[in-house]
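Reproduced below: final.txt, with compact mmCIF, C-alpha atoms.
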```
# COMPACT_ATOMS: atom_id res chain seq x y z
CA MET A 62 29.16 -6.13 -46.93
CA PHE A 63 26.96 -8.10 -49.32
CA PRO A 64 25.88 -6.38 -52.54
CA GLU A 65 22.18 -6.85 -51.69
CA ALA A 66 22.64 -5.00 -48.38
CA THR A 67 24.54 -2.24 -50.18
CA ARG A 68 21.71 -1.65 -52.63
CA CYS A 69 19.19 -1.52 -49.78
CA LEU A 70 21.28 1.05 -47.93
CA LYS A 71 21.59 3.16 -51.09
CA ALA A 72 17.84 3.13 -51.56
CA SER A 73 17.15 4.11 -47.95
CA ALA A 74 19.94 6.69 -47.68
CA PRO A 75 17.69 9.79 -48.12
CA LEU A 76 15.71 8.76 -45.03
CA PHE A 77 18.64 8.88 -42.64
CA SER A 78 20.59 11.63 -40.96
CA LYS A 79 23.45 13.31 -42.81
CA ASN A 80 25.65 13.63 -39.74
CA VAL A 81 27.13 10.16 -39.78
CA PHE A 82 28.53 8.40 -42.82
CA LEU A 83 29.52 4.82 -43.35
CA ASN A 84 31.87 3.69 -46.07
CA ALA A 85 30.60 0.38 -47.38
CA SER A 86 33.90 -0.44 -49.08
CA ALA A 87 35.65 -0.53 -45.74
CA HIS A 88 33.58 -3.61 -44.90
CA GLY A 89 34.34 -5.51 -48.05
CA GLY A 90 31.73 -3.91 -50.30
CA SER A 91 32.26 -3.37 -53.99
CA SER A 92 31.24 0.29 -53.96
CA SER A 93 32.98 3.27 -52.40
CA LEU A 94 29.85 5.41 -52.29
CA PRO A 95 29.62 6.92 -48.78
CA LEU A 96 26.47 5.47 -47.21
CA ARG A 97 24.65 7.38 -44.49
CA ARG A 98 23.79 5.82 -41.15
CA SER A 99 21.30 7.35 -38.77
CA LEU A 100 21.61 7.16 -35.01
CA GLY A 101 18.14 8.62 -34.61
CA VAL A 102 15.42 9.63 -37.02
CA SER A 103 12.77 12.23 -36.51
CA HIS A 104 9.18 11.38 -35.60
CA CYS A 105 7.91 12.13 -39.06
CA LEU A 106 10.08 9.38 -40.55
CA ALA A 107 8.91 6.75 -38.06
CA ALA A 108 7.08 3.82 -39.55
CA LYS A 109 3.31 3.75 -39.12
CA VAL A 110 1.22 0.71 -38.44
CA ALA A 111 -0.96 -0.24 -41.33
CA PRO A 112 -4.66 0.12 -40.60
CA PRO A 113 -6.53 -3.15 -40.17
CA LYS A 114 -8.18 -4.48 -43.27
CA LYS A 115 -11.93 -4.34 -43.37
CA PRO A 116 -13.44 -7.76 -43.85
CA ARG A 117 -15.28 -8.20 -47.07
CA GLU A 118 -18.99 -8.47 -46.89
CA LYS A 119 -20.21 -11.93 -47.83
CA VAL A 120 -23.12 -11.76 -50.23
CA GLU A 121 -25.36 -14.79 -50.59
CA ILE A 122 -27.71 -14.84 -53.54
CA PRO A 123 -30.39 -17.52 -53.35
CA GLY A 124 -30.36 -19.90 -56.26
CA LEU A 125 -26.72 -19.25 -57.22
CA GLU A 126 -23.91 -21.60 -56.38
CA VAL A 127 -20.68 -20.05 -55.16
CA VAL A 128 -17.66 -20.99 -57.28
CA THR A 129 -14.61 -21.60 -55.09
CA TYR A 130 -11.05 -22.70 -55.68
CA GLY A 131 -11.40 -25.65 -53.31
CA ASP A 132 -11.16 -28.24 -56.08
CA ARG A 133 -7.95 -26.72 -57.45
CA MET A 134 -6.20 -26.93 -54.04
CA HIS A 135 -4.60 -23.51 -54.44
CA TYR A 136 -5.60 -19.86 -54.46
CA VAL A 137 -7.10 -18.54 -57.68
CA PRO A 138 -7.85 -14.81 -58.09
CA GLY A 139 -11.50 -14.12 -58.72
CA LEU A 140 -12.79 -17.29 -57.09
CA ALA A 141 -14.36 -17.39 -53.65
CA LYS A 142 -12.63 -18.82 -50.63
CA PRO A 143 -14.02 -22.26 -49.76
CA VAL A 144 -15.68 -22.87 -46.41
CA TYR A 145 -14.86 -26.23 -44.87
CA PRO A 146 -16.73 -27.90 -42.01
CA SER A 147 -14.99 -27.72 -38.64
CA TRP A 148 -12.82 -30.73 -37.91
CA GLU A 149 -13.92 -32.72 -34.89
CA ARG A 150 -11.35 -34.83 -33.10
CA SER A 151 -12.03 -38.46 -32.35
CA TYR A 152 -10.45 -37.93 -28.90
CA LYS A 153 -10.89 -35.41 -26.09
CA ASP A 154 -8.29 -32.66 -25.88
CA PRO A 155 -8.88 -30.22 -22.99
CA ARG A 156 -6.82 -27.53 -24.71
CA PHE A 157 -9.41 -27.16 -27.46
CA TYR A 158 -12.55 -27.72 -25.41
CA LYS A 159 -15.50 -25.52 -26.37
CA SER A 160 -18.21 -25.21 -23.79
CA PRO A 161 -21.81 -25.40 -24.93
CA PRO A 162 -24.06 -22.35 -24.63
CA ALA A 163 -25.14 -21.56 -21.08
CA GLN A 164 -28.77 -22.34 -21.91
CA GLU A 165 -27.83 -25.91 -22.85
CA MET A 166 -25.91 -26.69 -19.65
CA ALA A 167 -27.44 -29.02 -17.10
CA LEU A 168 -27.06 -26.54 -14.24
CA TYR A 169 -28.63 -23.63 -16.10
CA LYS A 170 -31.47 -21.89 -14.25
CA ASP A 171 -33.66 -18.96 -15.18
CA LYS A 172 -33.34 -17.42 -11.72
CA PRO A 173 -29.96 -15.68 -11.37
CA CYS A 174 -27.62 -16.16 -8.44
CA TYR A 175 -25.46 -13.33 -7.09
CA VAL A 176 -21.96 -14.45 -6.14
CA PHE A 177 -19.47 -12.73 -3.84
CA ASN A 178 -15.83 -13.80 -4.29
CA GLN A 179 -12.42 -12.65 -3.06
CA ARG A 180 -12.12 -10.02 -5.81
CA THR A 181 -15.55 -8.45 -5.37
CA SER A 182 -15.50 -4.74 -4.57
CA VAL A 183 -18.95 -3.70 -3.41
CA LEU A 184 -19.88 -0.07 -3.89
CA GLU A 185 -21.37 0.65 -0.46
CA GLY A 186 -18.76 -1.27 1.50
CA VAL A 187 -19.68 -2.20 5.08
CA ARG A 188 -23.29 -1.00 4.75
CA GLN A 189 -23.89 -3.28 1.78
CA ALA A 190 -22.19 -6.23 3.47
CA ALA A 191 -24.32 -5.65 6.59
CA TRP A 192 -27.51 -5.69 4.51
CA LEU A 193 -26.53 -8.83 2.60
CA THR A 194 -25.78 -10.70 5.83
CA LYS A 195 -28.63 -9.13 7.88
CA THR A 196 -26.13 -7.88 10.43
CA SER A 197 -26.09 -5.13 13.01
CA VAL A 198 -22.75 -3.30 13.01
CA MET A 199 -21.23 -2.05 16.27
CA HIS A 200 -18.02 -0.05 16.26
CA GLY A 201 -15.26 -1.13 18.60
CA LEU A 202 -14.46 -4.53 20.06
CA PRO A 203 -16.38 -5.84 23.12
CA PRO A 204 -14.70 -4.59 26.32
CA HIS A 205 -14.57 -8.01 27.98
CA LEU A 206 -12.77 -9.36 24.91
CA VAL A 207 -10.14 -6.61 24.84
CA SER A 208 -9.44 -7.10 28.55
CA LEU A 209 -8.19 -10.66 27.95
CA SER A 210 -4.69 -9.36 27.21
CA ALA A 211 -4.65 -6.83 30.06
CA THR A 212 -3.50 -9.23 32.75
CA ALA A 213 0.17 -10.08 33.19
CA GLU A 214 -0.31 -13.86 32.86
CA ASN A 215 -1.80 -13.37 29.39
CA GLN A 216 1.09 -11.26 28.11
CA LEU A 217 4.46 -12.10 26.65
CA PRO A 218 7.68 -11.50 28.58
CA ASN A 219 9.27 -8.32 27.20
CA GLN A 220 6.25 -8.00 24.97
CA ASP A 221 6.80 -4.52 23.52
CA GLU A 222 10.45 -5.17 22.75
CA ARG A 223 9.73 -8.46 21.00
CA VAL A 224 6.90 -6.98 18.94
CA GLN A 225 9.12 -4.12 17.81
CA ASP A 226 11.80 -6.64 16.82
CA ALA A 227 9.16 -8.49 14.78
CA ILE A 228 8.27 -5.26 12.98
CA LYS A 229 11.92 -4.46 12.28
CA HIS A 230 12.48 -7.98 10.97
CA ALA A 231 9.62 -7.58 8.51
CA ARG A 232 10.48 -4.04 7.41
CA PHE A 233 14.30 -3.98 7.49
CA TRP A 234 15.99 -7.33 7.99
CA ASP A 235 14.04 -9.81 5.85
CA THR A 236 15.18 -8.50 2.47
CA THR A 237 18.24 -7.83 0.34
CA GLU A 238 16.54 -4.94 -1.46
CA PRO A 239 16.74 -1.29 -0.39
CA ARG A 240 13.16 -1.57 0.85
CA PRO A 241 10.85 -4.62 0.81
CA ARG A 242 7.59 -4.71 -1.10
CA LYS A 243 4.36 -4.29 0.83
CA GLU A 244 3.03 -7.76 0.03
CA LYS A 245 6.25 -9.24 1.41
CA TYR A 246 6.63 -7.35 4.66
CA SER A 247 2.89 -7.50 5.49
CA ASN A 248 2.92 -11.29 5.22
CA THR A 249 6.18 -11.55 7.20
CA LEU A 250 4.83 -9.29 9.94
CA LEU A 251 1.62 -11.30 10.26
CA LEU A 252 3.51 -14.57 10.58
CA ASN A 253 5.90 -13.01 13.12
CA LEU A 254 3.01 -11.81 15.30
CA LEU A 255 1.32 -15.22 15.12
CA HIS A 256 4.58 -16.86 16.13
CA LEU A 257 4.89 -14.56 19.14
CA CYS A 258 1.34 -15.36 20.23
CA ALA A 259 1.98 -19.09 19.84
CA THR A 260 4.76 -18.91 22.45
CA LEU A 261 2.00 -18.70 25.10
CA GLN A 262 1.10 -22.35 24.52
CA PRO A 263 2.92 -23.63 27.67
CA THR A 264 0.71 -21.46 29.89
CA HIS A 265 -2.41 -21.79 27.68
CA PRO A 266 -2.72 -25.43 26.53
CA ALA A 267 -5.86 -24.70 24.47
CA VAL A 268 -3.67 -22.85 21.96
CA GLY A 269 -2.21 -26.22 20.96
CA ARG A 270 -5.65 -27.38 19.78
CA ARG A 271 -5.49 -25.09 16.77
CA ILE A 272 -3.92 -25.20 13.33
CA LEU A 273 -3.37 -22.77 10.45
CA ALA A 274 -4.82 -23.54 7.03
CA GLU A 275 -4.61 -21.63 3.77
CA ASN A 276 -5.79 -21.96 0.18
CA TYR A 277 -9.04 -23.62 1.21
CA SER A 278 -12.22 -23.04 -0.80
CA LEU A 279 -15.40 -21.81 0.89
CA ALA A 280 -18.98 -22.05 -0.39
CA ALA A 281 -22.17 -20.90 1.32
CA THR A 282 -25.68 -20.23 0.03
CA TRP A 283 -28.49 -18.15 1.49
CA THR A 284 -31.65 -16.31 0.42
CA ARG A 285 -32.16 -12.62 1.04
CA GLY A 286 -35.60 -11.42 0.07
CA GLU A 287 -36.39 -13.00 -3.28
CA ASP A 288 -32.75 -13.19 -4.40
CA LEU A 289 -30.32 -16.07 -4.06
CA PHE A 290 -26.78 -15.33 -2.89
CA GLN A 291 -23.60 -17.36 -2.69
CA ILE A 292 -20.15 -16.65 -1.36
CA ARG A 293 -17.41 -18.68 -2.99
CA GLY A 294 -13.66 -18.64 -3.37
CA GLN A 295 -10.48 -18.64 -1.36
CA ASN A 296 -9.94 -16.09 1.38
CA GLY A 297 -7.01 -15.47 3.67
CA LEU A 298 -5.20 -17.55 6.26
CA LEU A 299 -7.58 -19.49 8.52
CA HIS A 300 -6.88 -20.32 12.14
CA CYS A 301 -9.15 -23.27 12.85
CA SER A 302 -9.67 -25.01 16.17
CA MET A 303 -10.99 -28.22 17.71
CA ASP A 304 -13.27 -26.19 19.99
CA PRO A 305 -15.77 -23.51 18.95
CA LEU A 306 -15.45 -19.94 20.13
CA PRO A 307 -17.78 -18.93 22.98
CA ARG A 308 -20.61 -16.53 22.30
CA VAL A 309 -19.78 -12.85 22.64
CA CYS A 310 -23.12 -11.62 23.99
CA GLU A 311 -25.91 -13.39 25.85
CA GLU A 312 -29.33 -14.36 24.55
CA LYS A 313 -31.01 -11.28 26.05
CA GLU A 314 -28.87 -8.95 23.95
CA VAL A 315 -29.47 -11.14 20.91
CA LEU A 316 -33.24 -10.81 21.30
CA GLU A 317 -32.91 -7.03 21.47
CA THR A 318 -31.52 -6.97 17.92
CA SER A 319 -35.03 -7.58 16.55
CA ASP A 320 -35.82 -3.91 17.27
CA GLN A 321 -32.85 -2.63 15.30
CA VAL A 322 -33.29 -1.39 11.74
CA LEU A 323 -30.76 -2.15 9.03
CA GLU A 324 -29.16 0.87 7.42
CA SER A 325 -30.48 1.47 3.91
CA PHE A 326 -28.57 2.80 0.91
CA TYR A 327 -31.50 3.31 -1.43
CA PRO A 328 -31.61 3.90 -4.45
CA VAL A 329 -28.48 1.74 -4.89
CA SER A 330 -29.36 -1.92 -5.46
CA PRO A 331 -28.03 -4.34 -2.82
CA THR A 332 -26.84 -6.66 -5.61
CA ILE A 333 -24.62 -4.04 -7.25
CA ASP A 334 -21.07 -5.21 -8.07
CA LEU A 335 -21.95 -8.86 -7.36
CA GLN A 336 -21.33 -11.42 -10.08
CA GLN A 337 -24.61 -12.57 -11.63
CA VAL A 338 -24.60 -16.16 -12.88
CA ASN A 339 -27.26 -18.51 -14.22
CA VAL A 340 -25.20 -21.70 -14.14
CA TYR A 341 -24.79 -22.79 -10.53
CA LYS A 342 -25.62 -25.44 -7.96
CA GLU A 343 -28.29 -24.78 -5.40
CA ASP A 344 -27.73 -25.35 -1.68
CA VAL A 345 -23.95 -25.41 -1.99
CA ASN A 346 -22.45 -25.30 1.50
CA CYS A 347 -18.85 -26.35 2.09
CA THR A 348 -16.43 -25.30 4.81
CA GLY A 349 -13.50 -26.34 2.63
CA PHE A 350 -12.66 -29.43 4.69
CA ARG A 351 -13.86 -33.00 4.95
CA GLY A 352 -16.38 -34.10 7.53
CA ASP A 353 -13.78 -35.92 9.63
CA TYR A 354 -11.40 -32.94 9.77
CA PRO A 355 -10.19 -32.72 13.41
CA TYR A 356 -10.24 -28.88 13.40
CA PRO A 357 -13.75 -28.10 12.11
CA HIS A 358 -14.35 -24.76 13.85
CA ALA A 359 -13.16 -21.51 12.28
CA HIS A 360 -11.44 -19.34 14.90
CA THR A 361 -9.87 -16.33 13.14
CA LEU A 362 -9.42 -15.34 9.52
CA TYR A 363 -6.36 -13.29 8.58
CA PHE A 364 -6.55 -11.10 5.49
CA LEU A 365 -3.77 -9.32 3.61
CA GLU A 366 -4.07 -6.71 0.92
CA THR A 367 -3.72 -8.33 -2.49
CA PRO A 368 -0.53 -7.46 -4.42
CA ASP A 369 -2.42 -7.39 -7.72
CA PRO A 370 -3.02 -3.69 -8.58
CA ASN A 371 -5.96 -4.62 -10.82
CA PHE A 372 -7.93 -6.00 -7.87
CA LYS A 373 -6.76 -3.81 -5.02
CA LEU A 374 -9.58 -3.02 -2.60
CA ARG A 375 -10.08 0.30 -0.85
CA PRO A 376 -10.27 0.18 2.98
CA GLU A 377 -14.08 0.28 3.06
CA GLN A 378 -14.37 -2.54 0.51
CA PHE A 379 -11.61 -4.46 2.30
CA ARG A 380 -13.64 -4.41 5.52
CA ALA A 381 -16.74 -5.49 3.59
CA LYS A 382 -14.79 -8.48 2.25
CA MET A 383 -13.80 -9.40 5.81
CA ILE A 384 -17.43 -9.30 6.93
CA MET A 385 -18.64 -11.39 4.00
CA PHE A 386 -16.06 -14.16 4.34
CA THR A 387 -16.40 -14.25 8.13
CA PHE A 388 -20.15 -14.59 7.67
CA GLY A 389 -19.62 -17.27 5.00
CA ASN A 390 -17.48 -19.41 7.33
CA ALA A 391 -20.01 -19.04 10.14
CA LEU A 392 -22.97 -19.81 7.86
CA ALA A 393 -21.33 -22.91 6.36
CA ARG A 394 -20.60 -24.20 9.86
CA ALA A 395 -24.17 -23.48 11.02
CA HIS A 396 -25.55 -25.42 8.05
CA LYS A 397 -23.38 -28.38 9.04
CA LEU A 398 -24.65 -28.25 12.62
CA TYR A 399 -28.31 -27.29 12.23
CA GLY A 400 -29.13 -28.11 8.60
CA THR A 401 -29.88 -25.87 5.65
CA GLN A 402 -33.41 -24.98 6.74
CA PRO A 403 -33.64 -21.38 8.08
CA GLN A 404 -33.34 -21.19 11.85
CA THR A 405 -34.86 -18.16 13.57
CA LEU A 406 -32.58 -18.45 16.61
CA LEU A 407 -29.57 -20.73 16.77
CA GLU A 408 -29.30 -22.76 19.94
CA ARG A 409 -25.63 -21.86 20.11
CA PRO A 410 -24.49 -18.89 18.01
CA VAL A 411 -21.48 -19.38 15.76
CA THR A 412 -18.66 -16.90 16.42
CA VAL A 413 -15.84 -16.21 13.97
CA GLN A 414 -13.15 -13.51 14.15
CA ALA A 415 -11.14 -11.73 11.47
CA VAL A 416 -7.99 -9.60 11.31
CA GLY A 417 -6.95 -7.63 8.24
CA THR A 418 -3.71 -5.73 7.72
CA ASN A 419 -1.56 -4.05 5.11
CA GLY A 420 1.59 -4.26 7.23
CA ARG A 421 0.90 -1.15 9.31
CA ILE A 422 -2.85 -0.59 9.74
CA PHE A 423 -5.02 -3.33 11.25
CA GLN A 424 -8.74 -4.07 11.05
CA PHE A 425 -10.28 -6.17 13.84
CA LEU A 426 -13.64 -7.88 13.52
CA VAL A 427 -15.78 -10.28 15.58
CA PHE A 428 -18.86 -11.82 13.96
CA GLN A 429 -21.63 -13.69 15.78
CA LEU A 430 -24.17 -15.59 13.70
CA ASN A 431 -27.45 -15.63 15.63
CA THR A 432 -29.89 -16.64 12.89
CA THR A 433 -29.90 -18.28 9.47
CA ASP A 434 -33.35 -16.87 8.57
CA LEU A 435 -32.10 -14.07 6.36
CA SER A 436 -35.04 -13.65 3.98
CA GLY A 437 -36.66 -10.60 5.58
CA ASP A 438 -35.44 -7.41 7.27
CA ASP A 439 -37.43 -7.98 10.43
CA GLY A 440 -36.67 -10.39 13.24
CA LEU A 441 -33.35 -11.21 14.85
CA LYS A 442 -30.14 -9.87 13.38
CA ASN A 443 -26.60 -11.13 13.33
CA GLN A 444 -23.97 -9.04 15.11
CA VAL A 445 -20.54 -7.79 14.16
CA TRP A 446 -18.07 -5.74 16.19
CA LEU A 447 -15.66 -3.77 14.01
CA ASP A 448 -12.56 -1.85 15.07
CA GLU A 449 -11.17 -0.17 11.98
CA ASP A 450 -7.94 1.59 10.96
CA VAL A 451 -5.87 0.77 14.03
CA GLU A 452 -2.21 1.69 13.52
CA LEU A 453 0.54 -0.53 14.87
CA TYR A 454 3.24 2.10 14.27
CA ASP A 455 3.65 5.43 12.52
CA PHE A 456 6.77 5.05 10.36
CA ALA A 457 9.37 2.45 9.50
CA LYS A 458 11.97 4.27 7.42
CA VAL A 459 15.10 2.79 5.93
CA ARG A 460 16.41 6.31 5.42
CA PRO A 461 15.40 9.43 7.34
CA LEU A 462 12.91 11.84 5.78
CA ILE A 463 14.66 15.20 5.47
CA LYS A 464 12.97 18.40 4.34
CA ARG A 465 14.76 21.77 4.26
CA LYS A 466 17.77 20.29 6.04
CA GLU A 467 15.57 19.19 8.91
CA VAL A 468 14.92 15.57 9.84
CA LYS A 469 11.15 15.16 9.83
CA VAL A 470 11.09 11.38 10.37
CA PRO A 471 14.19 9.59 11.67
CA ALA A 472 15.38 6.29 10.26
CA GLY A 473 14.09 3.14 11.94
CA LEU A 474 10.83 2.37 13.72
CA THR A 475 8.92 5.28 15.24
CA GLY A 476 5.50 5.67 16.82
CA TYR A 477 4.98 2.11 18.04
CA LYS A 478 1.51 1.63 19.60
CA PRO A 479 1.41 -1.31 22.05
CA GLU A 480 -2.39 -1.26 22.42
CA THR A 481 -2.76 -2.51 18.82
CA PHE A 482 -0.87 -5.72 19.52
CA SER A 483 -2.86 -6.11 22.74
CA LYS A 484 -6.03 -6.31 20.62
CA PHE A 485 -4.33 -8.77 18.28
CA LEU A 486 -3.32 -10.90 21.25
CA ALA A 487 -6.79 -10.68 22.80
CA LEU A 488 -8.42 -12.11 19.68
CA TYR A 489 -5.77 -14.83 19.58
CA LEU A 490 -6.41 -15.83 23.21
CA HIS A 491 -10.20 -15.74 22.82
CA GLY A 492 -11.41 -19.23 23.65
CA ALA A 493 -8.14 -20.26 25.29
CA VAL A 494 -8.43 -18.29 28.53
```

Rendering of file as structure tokens:
Amino acid sequence: MFPEATRCLKASAPLFSKNVFLNASAHGGSSSLPLRRSLGVSHCLAAKVAPPKKPREKVEIPGLEVVTYGDRMHYVPGLAKPVYPSWERSYKDPRFYKSPPAQEMALYKDKPCYVFNQRTSVLEGVRQAAWLTKTSVMHGLPPHLVSLSATAENQLPNQDERVQDAIKHARFWDTTEPRPRKEKYSNTLLLNLLHLCATLQPTHPAVGRRILAENYSLAATWTRGEDLFQIRGQNGLLHCSMDPLPRVCEEKEVLETSDQVLESFYPVSPTIDLQQVNVYKEDVNCTGFRGDYPYPHAHTLYFLETPDPNFKLRPEQFRAKMIMFTFGNALARAHKLYGTQPQTLLERPVTVQAVGTNGRIFQFLVFQLNTTDLSGDDGLKNQVWLDEDVELYDFAKVRPLIKRKEVKVPAGLTGYKPETFSKFLALYLHGAV
């Protein structure tokens, strides 16, 4: 051991435990003094972090010149620290870009805009989303839509067995870990179910006129009352089609929505939890695709729970997100077809569907955009049919759940509910039957 290390150990010896000793001479040291080594010190001997230094207060006296050590090119005690002007590069480096103040930007406006994005968690959930989109909420899917998968020609051969195999593949077989993570098996299950539904293409040729798209950016703008709203960002997997979805209800039922009253949540503000910005573009409407895209019509949006724990949405807020992004896709398409001017009654309503899941529980939604005149609470309303918290199965256990030497839940898949996949299949076949 080096002599310098030996002297340091001698100086720090009283701080260590007396149970273990180390002879420095055994390691080549010049001293035979038994040095102490500690395998663990008590809490009182632990080092403490030094408190942060308080910055000195800069005093400026008018008429007096501050004497600095800038001319000497080195630090001098008693002299002030020089202040140099910031160095500006003669070239543009995006790593060190400093944006100007918001008031000096070209897109700055005094009127704020309230933005809904994929991470927004609105306080009132579905009620707030219904008010923002001027929508009448009806629980349960339309009966004529659910009945699409009731006939034998619209079902898969050995449907229940194949769906259960898809669940087992997602929960048990598609991993090398003891149990897969939720964000993995939920995505695998969704893709497996879509693959099963796509096998009906030989008997339903209209299914081949669709395509899946993801990571597309949506933007839609509308006015509600005196406030300006925008929905922007990337949502889930989009199933887009060459042909638009047919309307869910007829014009007579649409006209009856003018008598319905939107549910209020006063005294909570409708703009709560929305991002308020002053730098934005007005009349931004983009479906996320070019004008010559061969699949311009949104068919169904598929949402998964985000794996980020910092932005995990509760079920009520998750359903509100589904409503908002379904409305945004329908509104952006309506602006492409009928222009950005408010339309009291659309000649052909825009219908968009949505399915949300966490790998076990499904949310089904059908949205019909009847009007783009969203400024007031009176007049025609948009319509949404919502079927919430529908379980596909009860348990999928890798190991059995045993309590008091009794098997409460056996290993494997239990409690499969075939009617849930029938609803999933019905939304998939909507527009192709």

- Message: Under the rule that only C-alpha atoms are counted, which of A:Met134, A:Cys347, A:Leu140, A:Cys258 is the nearest residue to Ala281 of chain A?
- Response: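 Nearest to Ala281 of chain A: A:Cys347.
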
- Item | Atomic distance atom CA of Ser436 of chain A - atom CA of Arg188 of chain A, expressed in Å with one decimal |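 Here the two named atoms are 17.3 Å from each other.
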
- Task: Choose the residue, out of A:Thr196, A:Thr361, A:His265, A:Gly417, that has the smallest atom-to-atom separation from Gln429 of chain A; count all atoms listed in the file.
- Result: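 Nearest to Gln429 of chain A: A:Thr196.
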
- Query: Just how far from atom CA of Ser278 of chain A is atom CA of Asp353 of chain A, in Å to one decimal?
  - Reply: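 The value is 16.6 Å.
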
- Task: Please indicate the distance in Å from atom CA of Phe428 of chain A to atom CA of Leu488 of chain A, rounded to one decimal place.
- Result: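 The value is 11.9 Å.
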
- May I ask which of the residues A:Cys310, A:Leu490, A:Leu255, A:Leu447 is the closest one to Asn431 of chain A, counting all atoms listed in the file?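 That would be A:Cys310, the residue with the smallest distance to Asn431 of chain A.
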
- Query: With only C-alpha atoms as the atoms that count, which of A:Ile292, A:Leu374, A:Val338, A:Val315 lies nearest to Leu406 of chain A?
  - Reply: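 Nearest to Leu406 of chain A: A:Val315.
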
Counting only C-alpha atoms, give me one row per residue of segment 383-428 of chain A with an atom at most 12 Å from an atom of segment 341-346 of chain A, showing the shortest contact pair and its distance in Å to one decimal, sorted by chain then residue number, as CSV.
```
residue,atom,partner,partner_atom,distance
A:Gly389,CA,A:Asn346,CA,9.2
A:Asn390,CA,A:Asn346,CA,9.7
A:Ala391,CA,A:Asn346,CA,10.9
A:Leu392,CA,A:Asn346,CA,8.4
A:Ala393,CA,A:Asn346,CA,5.5
A:Arg394,CA,A:Asn346,CA,8.6
A:Ala395,CA,A:Asn346,CA,9.8
A:His396,CA,A:Asn346,CA,7.2
A:Lys397,CA,A:Asn346,CA,8.2
A:Leu398,CA,A:Asn346,CA,11.7
A:Gly400,CA,A:Asn346,CA,10.1
A:Thr401,CA,A:Asp344,CA,7.7
A:Gln402,CA,A:Asp344,CA,10.2
```

Edge lengths and centre in Å to one decimal, as AutoDock Vina command-line options, is what I'm after for the box along x, y and z that holds all listed atoms of segment 290-304 of chain A once 8 Å is added on each side.
```
--center_x -16.0 --center_y -21.8 --center_z 8.3 --size_x 37.6 --size_y 28.9 --size_z 39.4
```

- Any idea what's packed within 10 Å of Pro368 of chain A, counting all atoms listed in the file, ignoring anything in its chain fewer than 6 positions away? Could you give it as a ChimeraX atom specification? /A:242-245

- Name the closest residue to Pro328 of chain A among the candidates A:Tyr246, A:Pro263, A:Glu467, A:Glu185; distances are taken between atoms, counting only C-alpha atoms.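 Of the candidates, the smallest distance to Pro328 of chain A is held by A:Glu185.
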
- Message: Here is a test: counting all atoms listed in the file, which residue of A:Ser147, A:Gln321, A:Asn178, A:Ser302 is nearest to Leu441 of chain A?
- Response: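 Checking each candidate against Leu441 of chain A, we get A:Gln321 as the closest.
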
- Message: List the spatial neighbours of Pro307 of chain A as a PyMOL selection string - criterion: any atom at most 9 Å away, all atoms listed in the file, same-chain residues fewer than 5 positions off excluded.
- Response: chain A and resi 409-412+491-492

- Skip Glu222 of chain A itself and residues of its chain fewer than 6 positions away, then list as a ChimeraX atom specification all residues within 12 Å of it, counting all atoms listed in the file. /A:228-229,257,474,477-479,482

- Message: Applying 10 Å and all atoms listed in the file, which residues near Pro239 of chain A remain after dropping the ones on its own chain fewer than 6 positions away? List them as a ChimeraX atom specification.
- Response: /A:233,459-460

- Message: If we count all atoms listed in the file and set the cut-off at 10 Å, which residues sit around Met303 of chain A, ignoring sequence neighbours fewer than 2 positions away in its own chain? Please answer as a list in words.
- Response: Ala267, Gly269, Arg270, Arg271, Ile272, Cys301, Pro305, Leu306, Tyr354, Pro355, Tyr356, Pro357, His358, Ala359 and His360 of chain A
